[in-house]
Each structure stands twice: as C-alpha cells, then as structure tokens.
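Structure file final-v7.cif; described as mmCIF, C-alpha atoms.
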data_coords
#
loop_
_atom_site.group_PDB
_atom_site.id
_atom_site.type_symbol
_atom_site.label_atom_id
_atom_site.label_comp_id
_atom_site.auth_asym_id
_atom_site.auth_seq_id
_atom_site.Cartn_x
_atom_site.Cartn_y
_atom_site.Cartn_z
ATOM 1 C CA MET A 1 16.859 81.942 23.814
ATOM 2 C CA LYS A 2 15.854 79.701 26.680
ATOM 3 C CA ASN A 3 14.655 77.005 24.278
ATOM 4 C CA ILE A 4 17.960 77.194 22.382
ATOM 5 C CA ARG A 5 19.927 76.729 25.617
ATOM 6 C CA LEU A 6 17.807 73.743 26.581
ATOM 7 C CA THR A 7 18.274 72.193 23.138
ATOM 8 C CA LEU A 8 22.047 72.664 23.232
ATOM 9 C CA PHE A 9 22.195 71.224 26.745
ATOM 10 C CA PHE A 10 20.141 68.224 25.654
ATOM 11 C CA LEU A 11 22.411 67.617 22.675
ATOM 12 C CA PHE A 12 25.446 67.863 24.953
ATOM 13 C CA ILE A 13 24.009 65.246 27.282
ATOM 14 C CA ILE A 14 23.344 62.918 24.364
ATOM 15 C CA ASN A 15 26.874 63.324 23.037
ATOM 16 C CA VAL A 16 28.552 62.800 26.403
ATOM 17 C CA GLY A 17 26.403 59.808 27.304
ATOM 18 C CA PHE A 18 26.945 58.018 24.017
ATOM 19 C CA SER A 19 29.199 54.980 24.109
ATOM 20 C CA ILE A 20 29.710 51.615 22.474
ATOM 21 C CA LYS A 21 29.922 48.699 24.875
ATOM 22 C CA PRO A 22 29.994 44.933 24.455
ATOM 23 C CA THR A 23 26.564 43.354 24.273
ATOM 24 C CA GLU A 24 27.858 40.134 25.818
ATOM 25 C CA ILE A 25 31.077 38.899 27.423
ATOM 26 C CA LYS A 26 31.520 35.138 27.215
ATOM 27 C CA LEU A 27 33.804 33.408 29.715
ATOM 28 C CA SER A 28 35.231 29.909 29.860
ATOM 29 C CA ASN A 29 34.533 27.711 32.882
ATOM 30 C CA SER A 30 37.955 28.654 34.202
ATOM 31 C CA GLY A 31 37.348 32.399 33.899
ATOM 32 C CA HIS A 32 39.149 33.376 30.707
ATOM 33 C CA ILE A 33 37.459 35.783 28.289
ATOM 34 C CA ILE A 34 36.525 33.758 25.221
ATOM 35 C CA ASN A 35 34.664 36.426 23.350
ATOM 36 C CA MET A 36 33.293 39.966 23.527
ATOM 37 C CA TYR A 37 30.331 40.536 21.223
ATOM 38 C CA PHE A 38 29.440 44.042 20.012
ATOM 39 C CA ASN A 39 26.037 44.624 18.407
ATOM 40 C CA LEU A 40 26.969 47.649 16.311
ATOM 41 C CA GLU A 41 23.679 47.775 14.439
ATOM 42 C CA GLU A 42 21.932 48.774 17.653
ATOM 43 C CA SER A 43 24.634 50.905 19.268
ATOM 44 C CA ALA A 44 26.599 52.337 16.316
ATOM 45 C CA SER A 45 24.550 52.376 13.118
ATOM 46 C CA PHE A 46 27.002 54.905 11.630
ATOM 47 C CA LEU A 47 29.494 52.020 11.256
ATOM 48 C CA MET A 48 27.173 50.166 8.885
ATOM 49 C CA PRO A 49 27.459 47.898 6.965
ATOM 50 C CA LEU A 50 29.518 46.580 9.923
ATOM 51 C CA SER A 51 26.643 45.397 12.093
ATOM 52 C CA ALA A 52 28.446 43.211 14.662
ATOM 53 C CA ILE A 53 31.930 42.104 15.644
ATOM 54 C CA ASN A 54 33.381 39.404 17.894
ATOM 55 C CA VAL A 55 36.679 40.106 19.657
ATOM 56 C CA SER A 56 38.558 37.484 21.691
ATOM 57 C CA GLY A 57 40.048 38.012 25.139
ATOM 58 C CA GLU A 58 43.402 38.411 23.389
ATOM 59 C CA LEU A 59 41.885 41.156 21.187
ATOM 60 C CA ILE A 60 41.834 39.085 18.024
ATOM 61 C CA ASN A 61 39.136 40.070 15.566
ATOM 62 C CA THR A 62 37.584 36.603 15.250
ATOM 63 C CA SER A 63 34.545 37.422 13.112
ATOM 64 C CA MET A 64 32.541 40.313 11.709
ATOM 65 C CA GLN A 65 28.990 40.674 10.466
ATOM 66 C CA LEU A 66 27.925 42.822 7.519
ATOM 67 C CA LYS A 67 24.339 43.863 6.862
ATOM 68 C CA ILE A 68 23.750 44.244 3.119
ATOM 69 C CA ASN A 69 20.284 44.649 1.617
ATOM 70 C CA ASN A 70 18.723 43.366 4.860
ATOM 71 C CA SER A 71 20.820 40.188 4.704
ATOM 72 C CA TYR A 72 23.576 39.338 7.175
ATOM 73 C CA PHE A 73 26.981 37.866 6.330
ATOM 74 C CA TRP A 74 29.742 36.681 8.655
ATOM 75 C CA PHE A 75 33.401 36.650 7.652
ATOM 76 C CA ASP A 76 36.750 36.566 9.463
ATOM 77 C CA GLN A 77 39.415 39.264 9.657
ATOM 78 C CA TYR A 78 41.148 37.883 6.562
ATOM 79 C CA GLY A 79 38.088 38.227 4.339
ATOM 80 C CA ASN A 80 37.099 34.557 4.391
ATOM 81 C CA THR A 81 33.331 34.082 4.329
ATOM 82 C CA LEU A 82 31.748 32.247 7.252
ATOM 83 C CA THR A 83 28.207 32.434 5.840
ATOM 84 C CA ASP A 84 26.818 30.574 2.843
ATOM 85 C CA ILE A 85 26.594 33.376 0.283
ATOM 86 C CA ARG A 86 25.458 31.318 -2.683
ATOM 87 C CA GLN A 87 21.735 31.722 -2.061
ATOM 88 C CA THR A 88 21.674 35.519 -2.056
ATOM 89 C CA ASP A 89 20.616 38.308 -4.417
ATOM 90 C CA LEU A 90 24.177 39.628 -4.424
ATOM 91 C CA LYS A 91 27.252 39.057 -6.549
ATOM 92 C CA ILE A 92 30.351 38.338 -4.479
ATOM 93 C CA TYR A 93 33.787 38.768 -6.066
ATOM 94 C CA PHE A 94 37.059 37.437 -4.656
ATOM 95 C CA ASN A 95 40.648 38.442 -5.348
ATOM 96 C CA LEU A 96 43.503 36.073 -6.213
ATOM 97 C CA GLU A 97 43.991 35.285 -2.516
ATOM 98 C CA ASN A 98 40.324 34.229 -2.269
ATOM 99 C CA LYS A 99 39.421 37.188 -0.076
ATOM 100 C CA ILE A 100 36.251 39.210 -0.579
ATOM 101 C CA GLU A 101 37.102 42.031 -2.979
ATOM 102 C CA LYS A 102 33.732 43.597 -3.803
ATOM 103 C CA ILE A 103 29.998 43.038 -3.562
ATOM 104 C CA LYS A 104 27.537 43.986 -6.312
ATOM 105 C CA ASN A 105 23.773 43.791 -6.590
ATOM 106 C CA LEU A 106 21.991 41.975 -9.412
ATOM 107 C CA ASP A 107 22.068 45.165 -11.495
ATOM 108 C CA ASN A 108 25.860 44.947 -11.387
ATOM 109 C CA VAL A 109 26.150 48.055 -9.212
ATOM 110 C CA ILE A 110 29.066 47.964 -6.762
ATOM 111 C CA LEU A 111 27.808 48.165 -3.189
ATOM 112 C CA TYR A 112 31.040 47.720 -1.229
ATOM 113 C CA LYS A 113 34.775 47.311 -1.801
ATOM 114 C CA PHE A 114 37.123 45.617 0.656
ATOM 115 C CA TYR A 115 40.724 46.645 1.378
ATOM 116 C CA TYR A 116 43.382 44.748 3.358
ATOM 117 C CA ASP A 117 46.601 45.640 5.176
ATOM 118 C CA PHE A 118 50.055 44.153 4.508
ATOM 119 C CA ASN A 119 49.249 41.229 6.821
ATOM 120 C CA GLY A 120 46.104 40.323 4.904
ATOM 121 C CA ARG A 121 43.648 41.610 7.520
ATOM 122 C CA LEU A 122 40.617 43.654 6.574
ATOM 123 C CA ALA A 123 41.547 47.316 7.030
ATOM 124 C CA TYR A 124 38.588 49.257 5.663
ATOM 125 C CA VAL A 125 35.486 49.117 3.480
ATOM 126 C CA LYS A 126 34.246 51.699 0.954
ATOM 127 C CA ASP A 127 30.997 51.917 -0.966
ATOM 128 C CA GLY A 128 30.684 52.040 -4.747
ATOM 129 C CA SER A 129 31.417 55.775 -4.737
ATOM 130 C CA TYR A 130 34.659 55.215 -2.795
ATOM 131 C CA VAL A 131 33.162 56.707 0.352
ATOM 132 C CA MET A 132 34.782 55.172 3.439
ATOM 133 C CA LYS A 133 32.271 53.274 5.604
ATOM 134 C CA PHE A 134 34.422 51.965 8.466
ATOM 135 C CA ARG A 135 38.060 51.278 9.320
ATOM 136 C CA LEU A 136 39.793 48.727 11.568
ATOM 137 C CA TYR A 137 43.198 49.257 13.185
ATOM 138 C CA TYR A 138 45.621 46.595 14.467
ATOM 139 C CA ASP A 139 48.770 46.895 16.566
ATOM 140 C CA PHE A 140 52.149 45.307 15.781
ATOM 141 C CA ASP A 141 51.107 42.068 17.494
ATOM 142 C CA GLY A 142 47.943 41.718 15.428
ATOM 143 C CA HIS A 143 45.573 42.770 18.198
ATOM 144 C CA LEU A 144 42.527 44.769 17.163
ATOM 145 C CA SER A 145 43.233 48.211 18.618
ATOM 146 C CA GLN A 146 40.587 50.590 17.240
ATOM 147 C CA ILE A 147 37.340 50.740 15.265
ATOM 148 C CA ALA A 148 36.668 53.973 13.357
ATOM 149 C CA ASP A 149 33.861 55.348 11.216
ATOM 150 C CA GLY A 150 34.172 56.644 7.667
ATOM 151 C CA ASN A 151 35.449 60.019 8.889
ATOM 152 C CA TYR A 152 38.342 58.392 10.789
ATOM 153 C CA ASN A 153 36.671 59.055 14.147
ATOM 154 C CA LYS A 154 37.844 56.244 16.435
ATOM 155 C CA HIS A 155 34.848 55.070 18.449
ATOM 156 C CA ILE A 156 36.207 51.972 20.210
ATOM 157 C CA LYS A 157 39.761 51.649 21.523
ATOM 158 C CA PHE A 158 41.110 48.353 22.863
ATOM 159 C CA TYR A 159 44.086 47.935 25.198
ATOM 160 C CA SER A 160 46.020 44.818 26.201
ATOM 161 C CA ASP A 161 48.362 44.051 29.111
ATOM 162 C CA PHE A 162 51.814 42.442 29.051
ATOM 163 C CA GLU A 163 50.195 38.997 28.906
ATOM 164 C CA GLY A 164 48.311 39.890 25.720
ATOM 165 C CA ARG A 165 44.911 39.944 27.455
ATOM 166 C CA VAL A 166 42.370 42.716 27.096
ATOM 167 C CA SER A 167 42.986 45.246 29.861
ATOM 168 C CA GLY A 168 40.591 48.008 28.870
ATOM 169 C CA ILE A 169 38.084 49.456 26.430
ATOM 170 C CA LYS A 170 37.835 53.217 25.880
ATOM 171 C CA ASP A 171 35.340 55.347 23.978
ATOM 172 C CA LYS A 172 36.129 57.944 21.321
ATOM 173 C CA SER A 173 36.922 60.510 24.044
ATOM 174 C CA TYR A 174 39.483 58.153 25.607
ATOM 175 C CA ASN A 175 37.264 57.555 28.630
ATOM 176 C CA TYR A 176 37.378 54.022 29.994
ATOM 177 C CA GLU A 177 34.238 51.996 29.476
ATOM 178 C CA TYR A 178 35.714 48.904 31.116
ATOM 179 C CA LYS A 179 38.931 47.967 32.909
ATOM 180 C CA PHE A 180 39.692 44.268 33.247
ATOM 181 C CA THR A 181 41.814 42.877 36.095
ATOM 182 C CA TYR A 182 43.070 39.321 36.539
ATOM 183 C CA ASP A 183 44.181 37.206 39.492
ATOM 184 C CA PHE A 184 47.497 35.336 39.837
ATOM 185 C CA SER A 185 46.037 32.395 37.887
ATOM 186 C CA ASN A 186 45.299 34.659 34.894
ATOM 187 C CA ARG A 187 41.565 34.423 35.529
ATOM 188 C CA LEU A 188 39.276 37.396 35.085
ATOM 189 C CA GLU A 189 38.697 38.793 38.551
ATOM 190 C CA LYS A 190 37.003 42.171 38.189
ATOM 191 C CA ILE A 191 35.550 44.546 35.602
ATOM 192 C CA LYS A 192 35.707 48.207 36.607
ATOM 193 C CA ASP A 193 34.611 51.526 35.109
ATOM 194 C CA LYS A 194 36.692 54.671 34.543
ATOM 195 C CA ASN A 195 36.355 55.580 38.233
ATOM 196 C CA TYR A 196 37.607 52.139 39.296
ATOM 197 C CA ILE A 197 34.150 51.230 40.572
ATOM 198 C CA VAL A 198 33.681 47.459 40.407
ATOM 199 C CA LEU A 199 30.956 46.561 37.900
ATOM 200 C CA ALA A 200 31.433 42.799 38.091
ATOM 201 C CA LYS A 201 33.409 40.472 40.342
ATOM 202 C CA ILE A 202 34.033 36.774 39.693
ATOM 203 C CA THR A 203 34.904 34.250 42.398
ATOM 204 C CA TYR A 204 36.137 30.715 41.866
ATOM 205 C CA SER A 205 35.987 27.305 43.486
ATOM 206 C CA GLU A 206 38.171 24.408 42.358
ATOM 207 C CA ASN A 207 39.329 26.460 39.343
ATOM 208 C CA LYS A 208 35.789 27.007 38.096
ATOM 209 C CA ILE A 209 33.511 30.014 38.268
ATOM 210 C CA GLN A 210 31.418 29.772 41.390
ATOM 211 C CA HIS A 211 29.754 33.163 41.631
ATOM 212 C CA ILE A 212 29.472 36.449 39.762
ATOM 213 C CA SER A 213 28.327 39.677 41.367
ATOM 214 C CA LYS A 214 27.271 42.258 38.814
ATOM 215 C CA SER A 215 26.205 45.902 39.110
ATOM 216 C CA ASN A 216 25.541 48.295 36.217
ATOM 217 C CA LEU A 217 27.829 46.374 33.872
ATOM 218 C CA GLY A 218 25.587 47.121 30.907
ATOM 219 C CA CYS A 219 26.017 43.760 29.179
ATOM 220 C CA ARG A 220 25.307 40.090 29.706
ATOM 221 C CA ILE A 221 27.917 37.672 31.037
ATOM 222 C CA SER A 222 27.644 34.077 29.876
ATOM 223 C CA ILE A 223 29.774 30.958 30.261
ATOM 224 C CA GLU A 224 30.908 28.989 27.232
ATOM 225 C CA ASN A 225 30.015 25.292 26.976
ATOM 226 C CA GLN A 226 27.609 25.491 29.886
ATOM 227 C CA CYS A 227 24.351 25.292 27.967
ATOM 228 C CA ASN A 228 22.700 23.834 31.069
ATOM 229 C CA GLN A 229 23.735 26.733 33.251
ATOM 230 C CA LEU A 230 22.709 30.340 33.178
ATOM 231 C CA LEU A 231 23.593 33.534 34.972
ATOM 232 C CA TYR A 232 20.416 35.097 36.283
ATOM 233 C CA SER A 233 19.270 37.698 38.754
ATOM 234 C CA ASN A 234 17.725 36.377 41.926
ATOM 235 C CA GLY A 235 15.321 39.328 41.861
ATOM 236 C CA LEU A 236 16.447 40.655 45.235
ATOM 237 C CA SER A 237 19.733 42.309 44.292
ATOM 238 C CA ASN A 238 22.134 42.918 41.441
ATOM 239 C CA GLU A 239 23.920 39.655 42.117
ATOM 240 C CA LEU A 240 23.951 36.914 39.528
ATOM 241 C CA VAL A 241 24.216 33.273 40.481
ATOM 242 C CA LEU A 242 24.840 30.090 38.554
ATOM 243 C CA SER A 243 21.944 27.712 38.264
ATOM 244 C CA ASN A 244 21.439 24.461 36.399
ATOM 245 C CA ASN A 245 17.673 24.931 36.447
ATOM 246 C CA VAL A 246 16.474 28.137 34.850
ATOM 247 C CA ILE A 247 12.687 27.690 34.488
ATOM 248 C CA THR A 248 10.146 26.009 36.736
ATOM 249 C CA ILE A 249 6.763 24.635 35.691
ATOM 250 C CA TYR A 250 3.834 24.230 38.093
ATOM 251 C CA SER A 251 0.729 22.073 38.003
ATOM 252 C CA ASN A 252 -1.575 24.730 39.513
ATOM 253 C CA PHE A 253 -2.404 28.395 39.111
ATOM 254 C CA LYS A 254 -0.192 31.113 40.628
ATOM 255 C CA PHE A 255 2.934 28.946 40.813
ATOM 256 C CA SER A 256 1.562 26.356 43.201
ATOM 257 C CA GLY A 257 1.128 22.596 43.299
ATOM 258 C CA GLY A 258 3.649 20.120 41.939
ATOM 259 C CA ASN A 259 6.663 21.636 40.194
ATOM 260 C CA LYS A 260 9.739 20.716 38.180
ATOM 261 C CA SER A 261 12.729 22.774 36.994
ATOM 262 C CA PHE A 262 14.521 22.594 33.643
ATOM 263 C CA PRO A 263 17.798 23.949 32.199
ATOM 264 C CA LEU A 264 18.143 25.559 28.781
ATOM 265 C CA GLY A 265 17.294 23.129 26.000
ATOM 266 C CA ASN A 266 14.612 21.541 23.821
ATOM 267 C CA TYR A 267 12.022 19.190 25.321
ATOM 268 C CA SER A 268 10.059 17.387 22.613
ATOM 269 C CA SER A 269 8.082 15.295 25.104
ATOM 270 C CA LEU A 270 7.114 15.946 28.712
ATOM 271 C CA GLY A 271 6.003 12.406 29.575
ATOM 272 C CA TYR A 272 2.833 11.342 31.281
ATOM 273 C CA GLU A 273 3.660 13.352 34.429
ATOM 274 C CA TRP A 274 3.573 16.777 32.752
ATOM 275 C CA ASN A 275 1.933 16.417 29.340
ATOM 276 C CA ASP A 276 -1.080 18.782 29.278
ATOM 277 C CA LYS A 277 -0.647 19.456 33.004
ATOM 278 C CA ILE A 278 1.120 22.842 33.198
ATOM 279 C CA SER A 279 -0.704 25.870 34.652
ATOM 280 C CA SER A 280 2.192 28.193 35.594
ATOM 281 C CA ILE A 281 5.750 28.855 34.421
ATOM 282 C CA ALA A 282 8.399 30.909 36.240
ATOM 283 C CA LEU A 283 11.461 32.106 34.321
ATOM 284 C CA PRO A 284 14.249 34.711 34.749
ATOM 285 C CA ASP A 285 14.404 37.978 32.820
ATOM 286 C CA ASN A 286 16.907 36.917 30.149
ATOM 287 C CA VAL A 287 15.171 33.661 29.187
ATOM 288 C CA LYS A 288 12.211 32.888 26.972
ATOM 289 C CA ILE A 289 10.271 29.688 26.434
ATOM 290 C CA ILE A 290 8.355 28.614 23.336
ATOM 291 C CA VAL A 291 5.480 26.312 24.234
ATOM 292 C CA TYR A 292 3.675 23.943 21.842
ATOM 293 C CA GLU A 293 0.310 22.237 22.083
ATOM 294 C CA ASN A 294 1.669 18.925 20.704
ATOM 295 C CA GLU A 295 4.776 16.846 21.161
ATOM 296 C CA SER A 296 7.842 17.343 18.930
ATOM 297 C CA PHE A 297 7.248 21.108 18.741
ATOM 298 C CA SER A 298 4.129 20.905 16.600
ATOM 299 C CA GLY A 299 0.677 22.450 16.646
ATOM 300 C CA ASP A 300 -0.075 25.939 17.919
ATOM 301 C CA SER A 301 2.757 27.704 19.739
ATOM 302 C CA ALA A 302 3.357 30.747 21.923
ATOM 303 C CA VAL A 303 6.419 32.650 23.128
ATOM 304 C CA ILE A 304 6.545 33.387 26.869
ATOM 305 C CA THR A 305 9.084 35.980 28.010
ATOM 306 C CA SER A 306 8.100 36.557 31.648
ATOM 307 C CA ASN A 307 6.404 34.696 34.485
ATOM 308 C CA TRP A 308 3.100 33.259 33.298
ATOM 309 C CA THR A 309 0.176 31.748 35.159
ATOM 310 C CA SER A 310 -3.316 30.729 34.146
ATOM 311 C CA ILE A 311 -6.119 32.531 35.912
ATOM 312 C CA SER A 312 -8.907 30.098 35.039
ATOM 313 C CA TYR A 313 -9.422 26.588 33.698
ATOM 314 C CA SER A 314 -10.586 28.047 30.382
ATOM 315 C CA ASP A 315 -7.312 29.900 29.682
ATOM 316 C CA LEU A 316 -5.917 29.158 26.213
ATOM 317 C CA TRP A 317 -2.749 27.415 27.433
ATOM 318 C CA ASN A 318 -3.887 25.989 30.750
ATOM 319 C CA ASN A 319 -3.114 22.247 30.694
ATOM 320 C CA LYS A 320 -2.411 22.450 26.947
ATOM 321 C CA ILE A 321 1.419 22.289 26.751
ATOM 322 C CA SER A 322 3.068 19.116 25.428
ATOM 323 C CA SER A 323 6.576 20.303 24.442
ATOM 324 C CA PHE A 324 8.709 23.406 24.791
ATOM 325 C CA GLN A 325 12.045 25.051 24.002
ATOM 326 C CA ILE A 326 13.977 27.109 26.559
ATOM 327 C CA MET A 327 16.525 29.645 25.313
ATOM 328 C CA LEU A 328 18.181 32.967 26.031
ATOM 329 C CA LYS A 329 16.386 36.081 24.794
#

Just give me the structure as structure tokens.
Amino acid sequence: MKNIRLTLFFLFIINVGFSIKPTEIKLSNSGHIINMYFNLEESASFLMPLSAINVSGELINTSMQLKINNSYFWFDQYGNTLTDIRQTDLKIYFNLENKIEKIKNLDNVILYKFYYDFNGRLAYVKDGSYVMKFRLYYDFDGHLSQIADGNYNKHIKFYSDFEGRVSGIKDKSYNYEYKFTYDFSNRLEKIKDKNYIVLAKITYSENKIQHISKSNLGCRISIENQCNQLLYSNGLSNELVLSNNVITIYSNFKFSGGNKSFPLGNYSSLGYEWNDKISSIALPDNVKIIVYENESFSGDSAVITSNWTSISYSDLWNNKISSFQIMLK
C-alpha cells in the first residue's frame, strides 16, 4: 500500500509539473517580441507530427515544423511549404488553392491529411486512419489562441492585450507560465510567472536594449539582427549582459598569456598572430566553437562546448588551430 501511495504521489508531481514553454524568445533591438519558438518535439511529443512552432509577438502563427519519417518540413499557417520537399521519400499533394492536402509514403499509404478553417489557416491534422493528431485555434482577429492534442486537450493558451501584443501564456490547467508587461513605449519590460514574480527584466538606453536580468525564465532570450552580440551569464549571478565578444583565445595554458576576443561568426583565417598559437579558449555556456587544424575550415576538427585549456605541449590541439566557427549551441 505504501508503494502504491508513493507511485501515485510521484505521478501527481509529474502531472502538475508538466508544462510547455517557449524554447527561445527573440527580441528586436528596440525591445519588441519578434518571435517565440516552441520545440514541441522535446517538450510535447504527443503533439507530433507537429515538432516545432514559431509565434510572433502579435500571436501570429508564422511557421510550423512537421517531423515525418525522420525528416523535417517547415510550412506557414496557410499550408504553404517553406522547405524544399522535392528531394524526399514522400509524396506531397496540394489542393486547388495550392495548400498541402495530404502526405503519402512511396507505397502510396496516406500518412497525414491537412484541414483548414474558413480563413484558409491550418486548423488540424489527421493521420491516414482519420485519427486527430493536433489542432490549432485562432481568435476573431487571427491570433493563435490555443494548441491542442488529438483528444482536444488544450495544452498551450495564448492571450493578447488591447494593443494586440502577447500578454500571457497559460498551460492546460489555465495556470500562467508567463505574463508579459510593456512600458509606455510599447517595449517589453518584464516577464513574470503566475505569482507575479519577475523572471526577466529589460532596461533600455537610447531606445535600445542595454541590459537584461534573468532568473528562472526557463528559456533563452536572444536579440534579432545582432549576430555579433550575445546574452550570456557572467558566472556570478543570474544576470545576463550584452557583449560583442563572446569567446576569448589565449596563447598559453590555463587562460594566460596574450589573448583576443571574438563575436559569433566564422573565421577562416587567424593571421600570423594567432595561426597555430592557441592554447586556451574561454566561452560562455550557450556557445560552442568548432576548431579546425587548417585554414578555411579544413583538416581535422573538434567541437568545444565549455572552457578548454591544454595541459601540456603534446596535447592534440595545443598550437594546432588555424580556423574556427563560433555559434550558439
């Protein structure tokens, strides 16, 4: 009896703790929400084949990703394909309005059927046996309002304010995951949880994001069109700061000697100063670097995802790096 109670309690904890949150929130330089990305394959596999969705700050369903036979396809809310589907092992059929109507495999078996609402937006998808896989709901203004599974259970609920901006996201139990508040210039100011605890706060200088403090937000915040800037933890607190230089290379072991910092990007040549002269690399948690033994990203390579330093002159990559690529994980 005791074991049964423990099992039921454990299952209760799992059910209560379950939620679907954005994987990333992308902001413009001026603090407007450009996009909220949901990785549903990781957080809500029961919504498959819907594996990811992008929702704008005005709650427009901008793009969706389907996973079919281990291949991924992007399309918009009106059923227009955004991925080249010609080189696949699938048969794609379109209706008279050139929207995706059904997908078959090479054996001519129907895998999925697509259905649209009166405004031409994708409403739901069924498999070849007419079993509902997922459903999308829109309000009268065309905002995405809910995402439901095949049993009509609504797992994500979106809310907008009078300005048409996202004001909140709730889970299937109508508990707030996030509340969004804006300042008088319509810029995102704070993200709060259901208890009004501030999870992220954005401050501005000269109408541009200057600083973001972040605590237990549960997703990454990035800034659109700032490929040379990155939000990263300073390692001493939960605060995130903007930095143009996200990795630093060093000429000696244990992050000593001469050094130089680099933003995100591809570096096909390091010049005479640094070619084959790197012994340590420091990088933040959400960045990785791919190093190559030759220029132009050729020769042997390695992926480095955390601070790295050589410990002896005979180390494999000590003084052996001639080009590298820096990117987000």

| query | Where does the PyMOL selection byres ((chain A and resi 281-294) around 8) land in this file, that is, which residues does it pick, as an NGL selection string? | reply | :A and (232-233 or 246-250 or 255 or 278-280 or 295-309 or 320-329)

| said: Taking (40.4, 40.5, 9.4) in the coordinates of the supplied file, I want to know which residues reach to within 12 Å of it, counting all atoms listed in the file; could you give the answer as a VMD selection string? | reply: chain A and resid 53 to 55 59 to 65 74 to 81 99 to 100 114 to 125 135 to 138 142 to 144

Apply the PyMOL selection byres ((chain A and resi 173-182) around 12) to the structure shown and report the selected residues as a compact mmCIF listing (two decimals) with C-alpha atoms, in the frame of the given file.
# COMPACT_ATOMS: atom_id res chain seq x y z
CA ASN A 15 26.87 63.32 23.04
CA VAL A 16 28.55 62.80 26.40
CA GLY A 17 26.40 59.81 27.30
CA PHE A 18 26.94 58.02 24.02
CA SER A 19 29.20 54.98 24.11
CA ILE A 20 29.71 51.62 22.47
CA LYS A 21 29.92 48.70 24.88
CA PRO A 22 29.99 44.93 24.46
CA ILE A 25 31.08 38.90 27.42
CA GLY A 31 37.35 32.40 33.90
CA HIS A 32 39.15 33.38 30.71
CA ILE A 33 37.46 35.78 28.29
CA MET A 36 33.29 39.97 23.53
CA GLY A 57 40.05 38.01 25.14
CA GLN A 146 40.59 50.59 17.24
CA ASN A 153 36.67 59.06 14.15
CA LYS A 154 37.84 56.24 16.43
CA HIS A 155 34.85 55.07 18.45
CA ILE A 156 36.21 51.97 20.21
CA LYS A 157 39.76 51.65 21.52
CA PHE A 158 41.11 48.35 22.86
CA TYR A 159 44.09 47.94 25.20
CA SER A 160 46.02 44.82 26.20
CA ASP A 161 48.36 44.05 29.11
CA PHE A 162 51.81 42.44 29.05
CA GLU A 163 50.20 39.00 28.91
CA ARG A 165 44.91 39.94 27.46
CA VAL A 166 42.37 42.72 27.10
CA SER A 167 42.99 45.25 29.86
CA GLY A 168 40.59 48.01 28.87
CA ILE A 169 38.08 49.46 26.43
CA LYS A 170 37.84 53.22 25.88
CA ASP A 171 35.34 55.35 23.98
CA LYS A 172 36.13 57.94 21.32
CA ASP A 183 44.18 37.21 39.49
CA PHE A 184 47.50 35.34 39.84
CA SER A 185 46.04 32.40 37.89
CA ASN A 186 45.30 34.66 34.89
CA ARG A 187 41.56 34.42 35.53
CA LEU A 188 39.28 37.40 35.08
CA GLU A 189 38.70 38.79 38.55
CA LYS A 190 37.00 42.17 38.19
CA ILE A 191 35.55 44.55 35.60
CA LYS A 192 35.71 48.21 36.61
CA ASP A 193 34.61 51.53 35.11
CA LYS A 194 36.69 54.67 34.54
CA ASN A 195 36.35 55.58 38.23
CA TYR A 196 37.61 52.14 39.30
CA ILE A 197 34.15 51.23 40.57
CA VAL A 198 33.68 47.46 40.41
CA LEU A 199 30.96 46.56 37.90
CA ALA A 200 31.43 42.80 38.09
CA LYS A 201 33.41 40.47 40.34
CA ILE A 202 34.03 36.77 39.69
CA THR A 203 34.90 34.25 42.40
CA ASN A 216 25.54 48.30 36.22
CA LEU A 217 27.83 46.37 33.87
CA GLY A 218 25.59 47.12 30.91
CA CYS A 219 26.02 43.76 29.18

| Residue with smallest distance to Leu27 of chain A - pool A:Ser261, A:Ser145, A:Ser222, A:Ser312, counting only C-alpha atoms |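 Closest to Leu27 of chain A of all the choices is A:Ser222.
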
| request: Figure out the distance between atom CA of Val131 of chain A and atom CA of Pro49 of chain A, please, to one decimal in Å. | output: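 Computing the Euclidean distance for atom CA of Pro49 of chain A and atom CA of Val131 of chain A yields 12.4 Å.
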
| query | If you count all atoms listed in the file, which residues fall within 6 Å of Lys26 of chain A, apart from same-chain ones fewer than 4 positions away, as a list in words? | reply |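 Everything that qualifies: Ile34, Asn35, Ile221, Ser222 and Ile223 of chain A.
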
| In terms of the shortest atom-to-atom distance over all atoms listed in the file, which of A:Asn95, A:Leu47, A:Tyr72, A:Glu101 is closest to Asp149 of chain A? | A:Leu47

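Across the model, the gap from atom CA of Lys102 of chain A to atom CA of Lys126 of chain A is 9.4 Å.
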
| task | Find the residues near Gly128 of chain A: any atom within 9 Å, counting all atoms listed in the file, skip ones fewer than 3 places away on the same chain, and give them as a PyMOL selection string. | result | chain A and resi 104+109-113+131

| task | For atom CA of Lys133 of chain A and atom CA of Glu41 of chain A, quote the distance in Å rounded to one decimal. | result |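 Separation between atom CA of Lys133 of chain A and atom CA of Glu41 of chain A: 13.5 Å.
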